Amino acid sequence: MTSTFVFAAGANGVSAAPPELVLRGYRGVGVPQPEQQFRLSYQAPQDLGAFATEPSALAGVTVAGQVATTVDVVGRAAELGPVVLVGSSIGGALVTLVAEEVPELVSALVYDAAFCCVELPTPEDYLATPEAATSRVGAMLGFIAADPAVIGAMRFNWRSSSAEALTAARAALCADATDGEFYALLNAMAPDDIIGRGATDSRGTPERWGRVPRFYVRHLQDHLVPLALQDRMIAEADARTPGNKFEVHDIDTSHFPNAAGMAQFVEVLDKVGQSLS
């Protein structure tokens with residue numbers, strides 16, 4: 001049967017199926033945040049005063065709600081055949097929670113340079129470890145555009161023209177990308193995100209999450225989730241469920257893959273799909 005790849009929401013709603021994967025005969029669907037956050041004040045010329053104070057439609061939306069939304073998509077996809085649930089970056093924490101809730105609906109999990117919380121409860125805890133010492137996640141702070149307590153969400157101005165912020169973000173996210181790839185990435189990101197994603201306990205149990213076959217795609221040039229941190233999470237997960245270890249694949253790219261890295265990623269996903277045929 002044809003597999004459906006369900007791509008869980010990463011940071012700021014980034015979630016989509018690579019077109020090449022669909023052209024290879026698979027179904028693919030992204031699960032974005034409950035609502036995208038585009039508004040007139042975010043357009044050019046920007047009204048940064050309004051942008052900093054306008055309430056977010058994500059106010060009150062929780063990680064549990066995001067899990068429920070993803071579970072719903074997984075359930076619909078499972079009616080058609082095997083489901084491969086993919087989480088990139090912080091989306092890895094989300095797919096663990098989904099697999100913990102409905103392990104019987106997920107045929108495989110793919111962690112793409114993603115957080116897989118095992119010994120420590122949250123992504124933020126892992127970012128405080130020695131293995132994350134070289135992470136450039138702090139570069140994202142240059143894009144914060146509002147007080148979360150005022151608007152009810154995390155808000156970022158990805159359309160900022162700050163040379164300092166853009167240079168830092170490019171080094172952190174996609175140092176090997178072209179200018180066009182970098183700006184396309186920023187334009188694909190929604191400005192708002194749910195509060196507390198990095199601080200939510202995202203561990204699964206061996207009996208539920210731990211029984212789902214899983215794959216880890218290491219990004220060898222990652223400056224956001226350093227390779228040492230990726231390896232730590234892989235090792236912890238394997239130790240927790242020694243009878244169901246990660247199948248590990250490497251792609252030679254940054255946190256967000258460039259065109260060549262995306263081609264390598266699709267090859268890995270194709271192998272996962274073939275394993276379920």
# chains A, B, ... in the order shown; residues from 1 in each chain; ligands from 1
>>> residues_around(residues="range 5-7 of chain A", least_positions_apart="4", cutoff="8 Å", atoms="only C-alpha atoms", output="mmCIF file with all heavy atoms, in the first residue's frame")
data_model
loop_
_atom_site.group_PDB
_atom_site.id
_atom_site.type_symbol
_atom_site.label_atom_id
_atom_site.label_comp_id
_atom_site.auth_asym_id
_atom_site.auth_seq_id
_atom_site.Cartn_x
_atom_site.Cartn_y
_atom_site.Cartn_z
ATOM 1 N N SER A 15 6.139 23.338 7.669
ATOM 2 C CA SER A 15 5.677 21.970 7.527
ATOM 3 C C SER A 15 5.132 21.770 6.128
ATOM 4 O O SER A 15 4.121 22.366 5.766
ATOM 5 C CB SER A 15 4.567 21.688 8.553
ATOM 6 O OG SER A 15 3.951 20.456 8.317
ATOM 7 N N ALA A 16 5.814 20.964 5.334
ATOM 8 C CA ALA A 16 5.350 20.705 3.969
ATOM 9 C C ALA A 16 6.016 19.457 3.437
ATOM 10 O O ALA A 16 7.118 19.084 3.859
ATOM 11 C CB ALA A 16 5.664 21.893 3.060
ATOM 12 N N ALA A 17 5.350 18.810 2.481
ATOM 13 C CA ALA A 17 5.898 17.618 1.842
ATOM 14 C C ALA A 17 6.745 18.032 0.647
ATOM 15 O O ALA A 17 6.301 18.831 -0.186
ATOM 16 C CB ALA A 17 4.779 16.698 1.380
ATOM 17 N N TYR A 26 4.318 8.781 -3.430
ATOM 18 C CA TYR A 26 3.820 8.799 -2.066
ATOM 19 C C TYR A 26 2.810 9.929 -1.875
ATOM 20 O O TYR A 26 2.809 10.910 -2.616
ATOM 21 C CB TYR A 26 4.973 8.999 -1.074
ATOM 22 C CG TYR A 26 6.030 7.932 -1.136
ATOM 23 C CD1 TYR A 26 7.234 8.157 -1.809
ATOM 24 C CD2 TYR A 26 5.840 6.692 -0.535
ATOM 25 C CE1 TYR A 26 8.213 7.181 -1.877
ATOM 26 C CE2 TYR A 26 6.817 5.705 -0.597
ATOM 27 C CZ TYR A 26 7.997 5.950 -1.273
ATOM 28 O OH TYR A 26 8.954 4.976 -1.342
ATOM 29 N N ARG A 27 1.970 9.784 -0.877
ATOM 30 C CA ARG A 27 1.152 10.913 -0.440
ATOM 31 C C ARG A 27 1.950 11.701 0.594
ATOM 32 O O ARG A 27 2.735 11.118 1.358
ATOM 33 C CB ARG A 27 -0.161 10.423 0.173
ATOM 34 C CG ARG A 27 -1.171 9.893 -0.839
ATOM 35 C CD ARG A 27 -2.455 9.462 -0.156
ATOM 36 N NE ARG A 27 -2.214 8.293 0.679
ATOM 37 C CZ ARG A 27 -2.400 7.040 0.268
ATOM 38 N NH1 ARG A 27 -2.840 6.808 -0.968
ATOM 39 N NH2 ARG A 27 -2.163 6.030 1.080
ATOM 40 N N GLY A 28 1.754 12.995 0.635
ATOM 41 C CA GLY A 28 2.454 13.819 1.607
ATOM 42 C C GLY A 28 1.603 15.005 2.025
ATOM 43 O O GLY A 28 0.968 15.639 1.185
ATOM 44 N N VAL A 29 1.589 15.295 3.332
ATOM 45 C CA VAL A 29 0.792 16.413 3.835
ATOM 46 C C VAL A 29 1.510 17.056 5.004
ATOM 47 O O VAL A 29 2.129 16.380 5.823
ATOM 48 C CB VAL A 29 -0.623 15.934 4.263
ATOM 49 C CG1 VAL A 29 -0.539 14.903 5.376
ATOM 50 C CG2 VAL A 29 -1.499 17.109 4.669
ATOM 51 N N GLY A 30 1.467 18.365 5.043
ATOM 52 C CA GLY A 30 2.024 19.097 6.165
ATOM 53 C C GLY A 30 0.944 19.400 7.179
ATOM 54 O O GLY A 30 -0.231 19.553 6.831
ATOM 55 N N VAL A 31 1.328 19.474 8.443
ATOM 56 C CA VAL A 31 0.387 19.845 9.505
ATOM 57 C C VAL A 31 0.862 21.167 10.092
ATOM 58 O O VAL A 31 1.728 21.184 10.969
ATOM 59 C CB VAL A 31 0.319 18.776 10.610
ATOM 60 C CG1 VAL A 31 -0.747 19.144 11.640
ATOM 61 C CG2 VAL A 31 0.029 17.408 10.004
ATOM 62 N N VAL A 73 -4.850 14.431 11.782
ATOM 63 C CA VAL A 73 -4.331 14.220 10.431
ATOM 64 C C VAL A 73 -3.773 12.809 10.289
ATOM 65 O O VAL A 73 -4.006 12.127 9.285
ATOM 66 C CB VAL A 73 -3.266 15.276 10.086
ATOM 67 C CG1 VAL A 73 -2.640 14.981 8.725
ATOM 68 C CG2 VAL A 73 -3.882 16.673 10.082
ATOM 69 N N VAL A 74 -3.042 12.351 11.301
ATOM 70 C CA VAL A 74 -2.494 10.993 11.267
ATOM 71 C C VAL A 74 -3.620 9.968 11.170
ATOM 72 O O VAL A 74 -3.539 8.994 10.402
ATOM 73 C CB VAL A 74 -1.622 10.735 12.512
ATOM 74 C CG1 VAL A 74 -1.306 9.245 12.674
ATOM 75 C CG2 VAL A 74 -0.327 11.532 12.431
ATOM 76 N N ALA A 77 -5.008 9.919 7.664
ATOM 77 C CA ALA A 77 -4.049 9.306 6.743
ATOM 78 C C ALA A 77 -3.973 7.797 6.943
ATOM 79 O O ALA A 77 -3.802 7.039 5.977
ATOM 80 C CB ALA A 77 -2.667 9.932 6.934
ATOM 81 N N VAL A 83 1.443 5.150 7.711
ATOM 82 C CA VAL A 83 1.758 6.558 7.972
ATOM 83 C C VAL A 83 3.193 6.676 8.460
ATOM 84 O O VAL A 83 3.598 5.989 9.405
ATOM 85 C CB VAL A 83 0.812 7.164 9.028
ATOM 86 C CG1 VAL A 83 1.267 8.573 9.416
ATOM 87 C CG2 VAL A 83 -0.618 7.191 8.513
ATOM 88 N N VAL A 84 3.951 7.538 7.806
ATOM 89 C CA VAL A 84 5.288 7.911 8.259
ATOM 90 C C VAL A 84 5.186 9.320 8.818
ATOM 91 O O VAL A 84 4.851 10.257 8.093
ATOM 92 C CB VAL A 84 6.320 7.861 7.116
ATOM 93 C CG1 VAL A 84 7.701 8.249 7.643
ATOM 94 C CG2 VAL A 84 6.351 6.488 6.464
ATOM 95 N N LEU A 85 5.437 9.467 10.097
ATOM 96 C CA LEU A 85 5.319 10.759 10.765
ATOM 97 C C LEU A 85 6.709 11.379 10.874
ATOM 98 O O LEU A 85 7.614 10.787 11.467
ATOM 99 C CB LEU A 85 4.697 10.579 12.143
ATOM 100 C CG LEU A 85 4.449 11.835 12.974
ATOM 101 C CD1 LEU A 85 3.560 12.835 12.234
ATOM 102 C CD2 LEU A 85 3.831 11.459 14.321
ATOM 103 N N VAL A 86 6.870 12.560 10.281
ATOM 104 C CA VAL A 86 8.173 13.215 10.172
ATOM 105 C C VAL A 86 8.195 14.474 11.030
ATOM 106 O O VAL A 86 7.289 15.319 10.930
ATOM 107 C CB VAL A 86 8.481 13.585 8.703
ATOM 108 C CG1 VAL A 86 9.893 14.178 8.591
ATOM 109 C CG2 VAL A 86 8.323 12.381 7.795
ATOM 110 N N GLY A 87 9.229 14.622 11.842
ATOM 111 C CA GLY A 87 9.408 15.829 12.630
ATOM 112 C C GLY A 87 10.804 16.389 12.436
ATOM 113 O O GLY A 87 11.796 15.671 12.579
#
>>> select_by_dssp(residues="range 55-209 of chain A", states="alpha helix (DSSP H)", output="ChimeraX atom specification")
/A:63-78,91-101,123-127,148-151,163-173,179-188
>>> residues_around(residues="Asp193 in chain A", least_positions_apart="4", cutoff="12 Å", atoms="only C-alpha atoms", output="MDAnalysis selection string")
chainID A and resid 9:14 32:38 56:63 66 90 144 146 148 151:157 189 197:198
>>> closest_residue(among="A:Ala171, A:Trp158, A:Gln230, A:Ala165", to="Tyr183 in chain A", atoms="only C-alpha atoms")
A:Trp158
>>> select_by_dssp(residues="range 10-227 of chain A", states="strand (DSSP E or B)", output="list in words")
Arg27, Gly28, Val29, Gly30, Val83, Val84, Leu85, Val86, Gly87, Ser88, Ala108, Leu109, Val110, Tyr111, Asp112, Ile144, Met154, Arg155, Phe156, Asp192, Asp193, Arg214, Phe215, Tyr216, Val217, Arg218 and His219 of chain A
>>> residues_around(residues="Pro226 in chain A", least_positions_apart="3", cutoff="10 Å", atoms="only C-alpha atoms", output="list in words")
Ala113, Leu127, Glu131, Ala132, Ala133, Thr134, Ser135, Arg136, Arg218, His219, Leu220, Gln221, Asp222, His223, Leu229, Gln230, Asp231, Ser254 and His255 of chain A
>>> write_last_selection(atoms="N, CA, C and O atoms", output="CSV table (one decimal), in the first residue's frame")
chain,number,residue,atom,x,y,z
A,113,ALA,N,17.1,15.9,12.1
A,113,ALA,CA,17.9,16.8,12.9
A,113,ALA,C,17.0,17.4,14.0
A,113,ALA,O,16.9,18.6,14.3
A,127,LEU,N,19.1,21.9,25.1
A,127,LEU,CA,19.9,23.0,24.6
A,127,LEU,C,20.8,23.6,25.7
A,127,LEU,O,21.7,24.3,25.4
A,131,GLU,N,26.6,19.2,25.0
A,131,GLU,CA,26.6,18.8,23.6
A,131,GLU,C,26.0,19.9,22.7
A,131,GLU,O,26.1,20.0,21.5
A,132,ALA,N,25.3,20.9,23.3
A,132,ALA,CA,24.6,22.0,22.6
A,132,ALA,C,25.4,23.3,22.8
A,132,ALA,O,24.9,24.3,22.3
A,133,ALA,N,26.6,23.2,23.3
A,133,ALA,CA,27.3,24.4,23.6
A,133,ALA,C,27.6,25.3,22.4
A,133,ALA,O,27.7,26.5,22.5
A,134,THR,N,27.7,24.6,21.2
A,134,THR,CA,28.0,25.4,20.0
A,134,THR,C,26.8,25.8,19.2
A,134,THR,O,26.9,26.4,18.2
A,135,SER,N,25.6,25.5,19.8
A,135,SER,CA,24.4,25.9,19.1
A,135,SER,C,24.3,27.4,18.9
A,135,SER,O,24.6,28.2,19.8
A,136,ARG,N,23.8,27.8,17.8
A,136,ARG,CA,23.6,29.2,17.5
A,136,ARG,C,22.1,29.6,17.6
A,136,ARG,O,21.6,30.5,16.9
A,218,ARG,N,20.6,12.6,10.5
A,218,ARG,CA,21.6,13.5,11.0
A,218,ARG,C,22.0,14.5,10.0
A,218,ARG,O,22.2,14.2,8.8
A,219,HIS,N,22.0,15.8,10.4
A,219,HIS,CA,22.5,16.9,9.5
A,219,HIS,C,24.0,17.2,9.9
A,219,HIS,O,24.2,17.7,11.0
A,220,LEU,N,24.9,16.9,9.1
A,220,LEU,CA,26.3,16.9,9.5
A,220,LEU,C,26.9,18.3,9.7
A,220,LEU,O,27.9,18.5,10.3
A,221,GLN,N,26.2,19.3,9.1
A,221,GLN,CA,26.7,20.7,9.2
A,221,GLN,C,25.7,21.6,10.0
A,221,GLN,O,25.7,22.8,9.9
A,222,ASP,N,25.0,20.9,10.9
A,222,ASP,CA,23.9,21.6,11.7
A,222,ASP,C,24.6,22.5,12.8
A,222,ASP,O,25.3,22.0,13.6
A,223,HIS,N,24.2,23.8,12.8
A,223,HIS,CA,24.7,24.8,13.8
A,223,HIS,C,23.6,25.2,14.7
A,223,HIS,O,23.8,26.0,15.6
A,229,LEU,N,24.8,16.9,19.8
A,229,LEU,CA,23.5,16.8,20.5
A,229,LEU,C,22.6,15.8,19.8
A,229,LEU,O,21.9,15.0,20.5
A,230,GLN,N,22.6,15.8,18.5
A,230,GLN,CA,21.9,14.7,17.7
A,230,GLN,C,22.3,13.3,18.2
A,230,GLN,O,21.5,12.5,18.5
A,231,ASP,N,23.6,13.1,18.3
A,231,ASP,CA,24.2,11.8,18.7
A,231,ASP,C,23.8,11.5,20.1
A,231,ASP,O,23.5,10.3,20.4
A,254,SER,N,23.1,21.8,6.3
A,254,SER,CA,22.8,22.6,7.5
A,254,SER,C,21.5,22.2,8.2
A,254,SER,O,20.9,21.2,7.7
A,255,HIS,N,21.1,22.9,9.2
A,255,HIS,CA,19.8,22.6,9.9
A,255,HIS,C,18.7,22.6,8.9
A,255,HIS,O,17.9,21.6,8.9
